[in-house]
Amino acid sequence: MLNLRTCAAKLRPLTASQTVKTISQHRPAAPRTFQQLRCYSAPVAAEPFLSGTSSNYVEEMYYAWLENPKSVHKSWDIFFRNANAGAAPGTAYQSPPPLTTSLSTLSQAQSLVQAQPNVDKLVEDHLAVQSLIRAYQIRGHHVAQLDPLGILDADLDSSLPADIITSTDKLDLAVFKERLRVLTVGGFYGLDESDLDKVFHLPTTTFIGGNESALPLREIIRRLEMAYCQHIGVEFMFINDLEQCQWIRQKFETPGIMQFTNEEKRTLLARLVRSTRFEEFLHRKWSSEKRFGLEGCEVLIPALKTIIDKSSERGVDYVIMGMPHRGRLNVLANVIRKELEQIFCQFDSKLEAADEGSGDVKYHLGMYHRRINRVTDRNITLSLVANPSHLEAADPVVQGKTKAEQFYCGDTEGKKVMSILLHGDAAFAGQGIVYETFHLSDLPSYTTHGTVHVVVNNQIGFTTDPRMARSSPYPTDVARVVNAPIFHVNADDPEAVVYVCNVAAEWRSTFHKDVVVDLVCYRRNGHNEMDEPMFTQPLMYKQIRKQKPVLQKYAELLISQGVVNQPEYEEEIAKYDKICEEAHARSKDEKILHIKHWLDSPWPGFFTLDGQPRSMTCPSTGLNEEDLTHIGQVASSVPVEDFTIHGGLSRILKTRGEMVKNRTVDWALAEYMAFGSLLKEGIHIRLSGQDVERGTFSHRHHVLHDQNVDKRTCIPMNHLWPNQAPYTVCNSSLSEYGVLGFELGFAMASPNALVLWEAQFGDFHNTAQCIIDQFICPGQAKWVRQNGIVLLLPHGMEGMGPEHSSARPERFLQMCNDDPDVFPKLDDFDVRQLYECNWIVVNCSTPANFFHVLRRQILLPFRKPLIIFTPKSLLRHPEARSSFDEMLPGTHFLRVIPDSGPAAQNPEQVKRVLFCTGKVYYDLTRERKARNMEADVAITRVEQLSPFPFDLLQREAQKYPAAELVWCQEEHKNQGYYDYVKPRLRTTINRAKPVWYAGREPAAAPATGNKKTHLTELQRLLDTAFNLDAFKDMA
Ligand SMILES: Cc1ncc(C[n+]2csc(CCOP(=O)(O)OP(=O)(O)O)c2C)c(N)n1
Ligand SMILES: [Mg+2]
């Protein structure tokens, strides 16, 4: 709140004109902002006649007076002079002198003062008018005519805001009088009918005056109605930034601002023709095929094209889009410009697929296209990201890909690359991922510098009415959390839509913040073309049947305006119909379907021209001693001057330094070695997830914090080599779905980056299940698109209770595509098997193997997702260390680590082979030693679970001819690896022997919450593992 006296006191002893100069230096020229002068300390009521709500108005008067003392009424002039001269509260105000010629500056405002001998009334009336203006700005959208059908309320509320004087029939006097009376009686404004023709000074927070600074009340209301209550509803007053609010007001309030040239109108008509006729063409040819047509929102195509044109004009040359089913084929055809024959042949059920993989339905496929934007004559690349049915799941993926493309072209402000996200109304309101994605929008390592969101708000979700689908007034309210302006627009007014889209694109390029365009429309057919909407929405659909298509309405309008004539319009239609017919004829020549042609993210140069890997080998993932030592030294030092780190961290770094001297690594150091070496080779590394910078278990410390200087940090990994690739390590928001989707999208953009997402604990990945199930696991099979994302999932039964224990290996393993019953016939298991799998699942027992598997991920000639169950207690386990020798040139990732002790020396004598994976290995070796059974029991570690190392395990099994085979795991029997491993182990031995189980009983929860039970269970499984009679009676 402004306290005028405080301001005045601060400004004293300057004169008004001196003050103007001083202030104008501090204030941005335009739009005006008052922030610098706001004084928040003292109560506003110092002047008895000022109320809290009047402060803005007085503040503006005050500025006007500072700039020109004659621009305000004499009474205000005296008041400000007195206040400035230090008058005590209550004494600055004097009754006004009789009116003089000083009012000539407001010549049109004769009636203003003459009719107001009472200054109190004058102030009150001005305050009332200002409140009224503000009411329109805040709530005008509730009155706007947004529903093209004219029967629904876009904000789900049929009542009129209490503080807006309006009538749908444009100031019909009778209605207006009644409304005014109600408001007056209600004590709202204190205005009455006689005030309608009085002239009021306009505050600087409105642009309705155009070049005029005062208007009669009747005109003020009319202009406010024009700006806020027609076919556009602007929601923006929650934005906490005056400059941004002024920007929006100016865009919507300035009289006559929404003008279109005839040329622009014709372009708009032509785009509507394409959009409408495309759907009609599909309907004619394939009337019984599902296509989720756009009918009822055909304006989406000109809307998107406008956003793209305007953004291109502002310098954007790459637009990445994500969208659901509705109108997707139309967007592909008419926005991305996918060849029509490629779309049409997707309708041919007889065509065979040319590519490997299982493919996807036509309204999920993606696309990438580089072309010239005809409006701006600039190159533009458009990419539509392939997506699953799961609504909104592609949102974070699109954002991640956008961030990556910005990163690779050095676009740090989002000036060249941007994203557009499309949404359905029900999904936008209902799906939590929308909220999670919005929360990434302003985070330094995740921002894409503004996204334009477009909602196809057909006021229905399948069969569900909005009133049953959301609790917020609009489906777009979720965007308010990030202060994004929301432009609701009646989709049957194409010019209003195009105007709003232009403003949205300009907003994005001006402020680099998100913005929402809400296309309030209808759905002409059922949810899909086969669906009967009258079952559930009979009245709505009766109205829809009567609704003239928007193309027809707009064509009639332009014809009536003389912008086009009927033959021209018909010719435009005939031209596009012909294009469709010709493409259809060509599509019949297609013999085969290529999903490759629908790739949303090509990786130029990574594959051969026909899309194959350049080799089928993987070089050694080892590293020379010098590099290992160098990375180790940087990892154990602070590479910048005058930087004070925490004492505890000094000790950690010292221990690291000693390990390096001893040529050993622990988990954290192995990770350092892998990352550091890849950075040297120009591979960008991005590690993201909750608290990854330090590491949940405080083992990583990739970001050092100066203990004396706030926010001063250092990332030693970025000080390794002179021309290294950059390392990004970023603590994420507390979202798994959003952040994993984002990183998947980031990894999609380039094969030459190692992108890792770490779950805080492995089990938390389940809130991102959709990204795993819909994208990571089947992505390549559905969309011939490879992705090398790495998931680091802390896993292990350590007595921490049912949560925090299991990363749910059983789920990842169940989704592996290798056949449990078939021993693969391959020459080269190492690489071939990896090429054929859908993802790689590993659980490393040594730091060196962790190092190798991370490096292998990049040195492979293709990309596959990699799931790593990572340790917790092993991070500090004294035995979980590796020597440099295991990481030198010539070494590589070990899919299986065979026993190398006494059992392996004398394999014929071995009575049992325990197969295991991960941390339980250390429990087993300790127990075996304690029981003195090292010659009796061999322990074989399966490090790569999937694809299953059939070849190596066959060798292991054959090596111990007399031994029983036992799978041992610390997880419960219905969880972990057992169900996956058992049939595959049986296949490796040709089912010659049983495969026994040593582990916890089946259970509903992943682990007990009782520590004692945990230890008892552990002991029991170790007893079974080493009791050589355990399975005797079961044979
Ligand atoms: C996560 C998810 N849940 C449920 C569905 C099933 N579904 C498909 S479309 C649809 C209605 C979507 O309504 P809306 O978002 O308004 O889009 P519209 O179809 O109206 O364009 C539903 C529930 C889905 N695809 N994804
Ligand atoms: Mg809908």
# chains A, B, ... in the order shown; residues from 1 in each chain; ligands from 1
call {"tool": "residues_near_ligand", "arguments": {"ligand": "ligand 2", "cutoff": "6 Å", "atoms": "only C-alpha atoms and all ligand atoms", "output": "list of chain:residue names"}}
result
A:Gly424, A:Asp425, A:Ala426, A:Asn457, A:Asn458, A:Gln459, A:Ile460, A:Gly461
call {"tool": "write_last_selection", "arguments": {"atoms": "C-alpha atoms", "output": "PDB file, in the first residue's frame"}}
result
ATOM      1  CA  GLY A 424      -7.666 -31.429 -24.192  1.00  0.00           C
ATOM      2  CA  ASP A 425      -9.803 -29.652 -21.597  1.00  0.00           C
ATOM      3  CA  ALA A 426     -10.499 -32.716 -19.465  1.00  0.00           C
ATOM      4  CA  ASN A 457     -11.536 -26.980 -24.970  1.00  0.00           C
ATOM      5  CA  ASN A 458     -14.466 -28.752 -26.536  1.00  0.00           C
ATOM      6  CA  GLN A 459     -16.228 -28.701 -23.167  1.00  0.00           C
ATOM      7  CA  ILE A 460     -16.352 -32.458 -22.885  1.00  0.00           C
ATOM      8  CA  GLY A 461     -14.039 -35.352 -22.082  1.00  0.00           C
TER       9      GLY A 461
END
call {"tool": "residues_around", "arguments": {"residues": "Arg586 in chain A", "least_positions_apart": "2", "cutoff": "12 Å", "atoms": "only C-alpha atoms", "output": "list in words"}}
result
Glu339, Leu340, Glu341, Gln342, Ile343, Phe344, Cys345, Ile579, Cys580, Glu581, Glu582, Ala583, His584, Lys588, Asp589, Glu590 and Lys591 of chain A
call {"tool": "residues_around", "arguments": {"residues": "range 947-957 of chain A", "least_positions_apart": "6", "cutoff": "10 Å", "atoms": "only C-alpha atoms", "output": "count of residues only"}}
result
48
call {"tool": "residues_near_ligand", "arguments": {"ligand": "ligand 1", "cutoff": "9 Å", "atoms": "only C-alpha atoms and all ligand atoms", "output": "number ranges by chain"}}
result
A: 292-294, 324-327, 388-393, 423-431, 455-464, 466, 522-523, 527-528, 770
call {"tool": "select_by_dssp", "arguments": {"residues": "range 383-447 of chain A", "states": "alpha helix (DSSP H)", "output": "list of chain:residue names"}}
result
A:Ala394, A:Asp395, A:Pro396, A:Val397, A:Val398, A:Gln399, A:Gly400, A:Lys401, A:Thr402, A:Lys403, A:Ala404, A:Glu405, A:Gln406, A:Phe407, A:Tyr408, A:Asp425, A:Ala426, A:Ala427, A:Phe428, A:Ala429, A:Gly430, A:Gly432, A:Ile433, A:Val434, A:Tyr435, A:Glu436, A:Thr437, A:Phe438
call {"tool": "residues_around", "arguments": {"residues": "range 314-321 of chain A", "least_positions_apart": "6", "cutoff": "6 Å", "atoms": "only C-alpha atoms", "output": "PDB file with N, CA, C and O atoms, in the first residue's frame"}}
result
ATOM      1  N   ILE A 380      12.386 -23.112 -40.951  1.00  0.00           N
ATOM      2  CA  ILE A 380      11.809 -23.519 -39.658  1.00  0.00           C
ATOM      3  C   ILE A 380      11.779 -25.044 -39.586  1.00  0.00           C
ATOM      4  O   ILE A 380      11.502 -25.710 -40.579  1.00  0.00           O
ATOM      5  N   THR A 381      12.124 -25.571 -38.437  1.00  0.00           N
ATOM      6  CA  THR A 381      12.045 -27.013 -38.223  1.00  0.00           C
ATOM      7  C   THR A 381      10.907 -27.268 -37.254  1.00  0.00           C
ATOM      8  O   THR A 381      10.815 -26.614 -36.217  1.00  0.00           O
ATOM      9  N   LEU A 382      10.048 -28.201 -37.642  1.00  0.00           N
ATOM     10  CA  LEU A 382       8.915 -28.534 -36.780  1.00  0.00           C
ATOM     11  C   LEU A 382       9.019 -29.997 -36.389  1.00  0.00           C
ATOM     12  O   LEU A 382       9.297 -30.853 -37.236  1.00  0.00           O
ATOM     13  N   SER A 383       8.839 -30.261 -35.121  1.00  0.00           N
ATOM     14  CA  SER A 383       8.880 -31.647 -34.684  1.00  0.00           C
ATOM     15  C   SER A 383       7.670 -31.911 -33.780  1.00  0.00           C
ATOM     16  O   SER A 383       7.395 -31.136 -32.871  1.00  0.00           O
ATOM     17  N   LEU A 384       6.956 -32.969 -34.105  1.00  0.00           N
ATOM     18  CA  LEU A 384       5.841 -33.384 -33.246  1.00  0.00           C
ATOM     19  C   LEU A 384       6.273 -34.671 -32.569  1.00  0.00           C
ATOM     20  O   LEU A 384       6.599 -35.656 -33.238  1.00  0.00           O
ATOM     21  N   LYS A 415      15.530 -18.223 -27.514  1.00  0.00           N
ATOM     22  CA  LYS A 415      15.164 -17.330 -28.623  1.00  0.00           C
ATOM     23  C   LYS A 415      15.038 -18.076 -29.945  1.00  0.00           C
ATOM     24  O   LYS A 415      14.444 -17.579 -30.890  1.00  0.00           O
ATOM     25  N   LYS A 416      15.658 -19.247 -30.024  1.00  0.00           N
ATOM     26  CA  LYS A 416      15.647 -19.974 -31.299  1.00  0.00           C
ATOM     27  C   LYS A 416      14.769 -21.221 -31.258  1.00  0.00           C
ATOM     28  O   LYS A 416      14.231 -21.637 -32.272  1.00  0.00           O
ATOM     29  N   VAL A 417      14.702 -21.835 -30.103  1.00  0.00           N
ATOM     30  CA  VAL A 417      13.946 -23.094 -29.999  1.00  0.00           C
ATOM     31  C   VAL A 417      12.834 -22.914 -28.975  1.00  0.00           C
ATOM     32  O   VAL A 417      13.064 -22.379 -27.892  1.00  0.00           O
ATOM     33  N   MET A 418      11.649 -23.351 -29.327  1.00  0.00           N
ATOM     34  CA  MET A 418      10.538 -23.233 -28.380  1.00  0.00           C
ATOM     35  C   MET A 418       9.626 -24.453 -28.461  1.00  0.00           C
ATOM     36  O   MET A 418       9.698 -25.225 -29.418  1.00  0.00           O
ATOM     37  N   SER A 419       8.799 -24.599 -27.438  1.00  0.00           N
ATOM     38  CA  SER A 419       7.843 -25.710 -27.466  1.00  0.00           C
ATOM     39  C   SER A 419       6.416 -25.178 -27.479  1.00  0.00           C
ATOM     40  O   SER A 419       6.137 -24.103 -26.952  1.00  0.00           O
ATOM     41  N   ILE A 420       5.563 -25.951 -28.120  1.00  0.00           N
ATOM     42  CA  ILE A 420       4.118 -25.688 -28.073  1.00  0.00           C
ATOM     43  C   ILE A 420       3.473 -26.973 -27.557  1.00  0.00           C
ATOM     44  O   ILE A 420       3.740 -28.049 -28.092  1.00  0.00           O
ATOM     45  N   LEU A 421       2.659 -26.850 -26.527  1.00  0.00           N
ATOM     46  CA  LEU A 421       1.964 -28.034 -26.010  1.00  0.00           C
ATOM     47  C   LEU A 421       0.470 -27.882 -26.210  1.00  0.00           C
ATOM     48  O   LEU A 421      -0.107 -26.845 -25.861  1.00  0.00           O
TER      49      LEU A 421
END
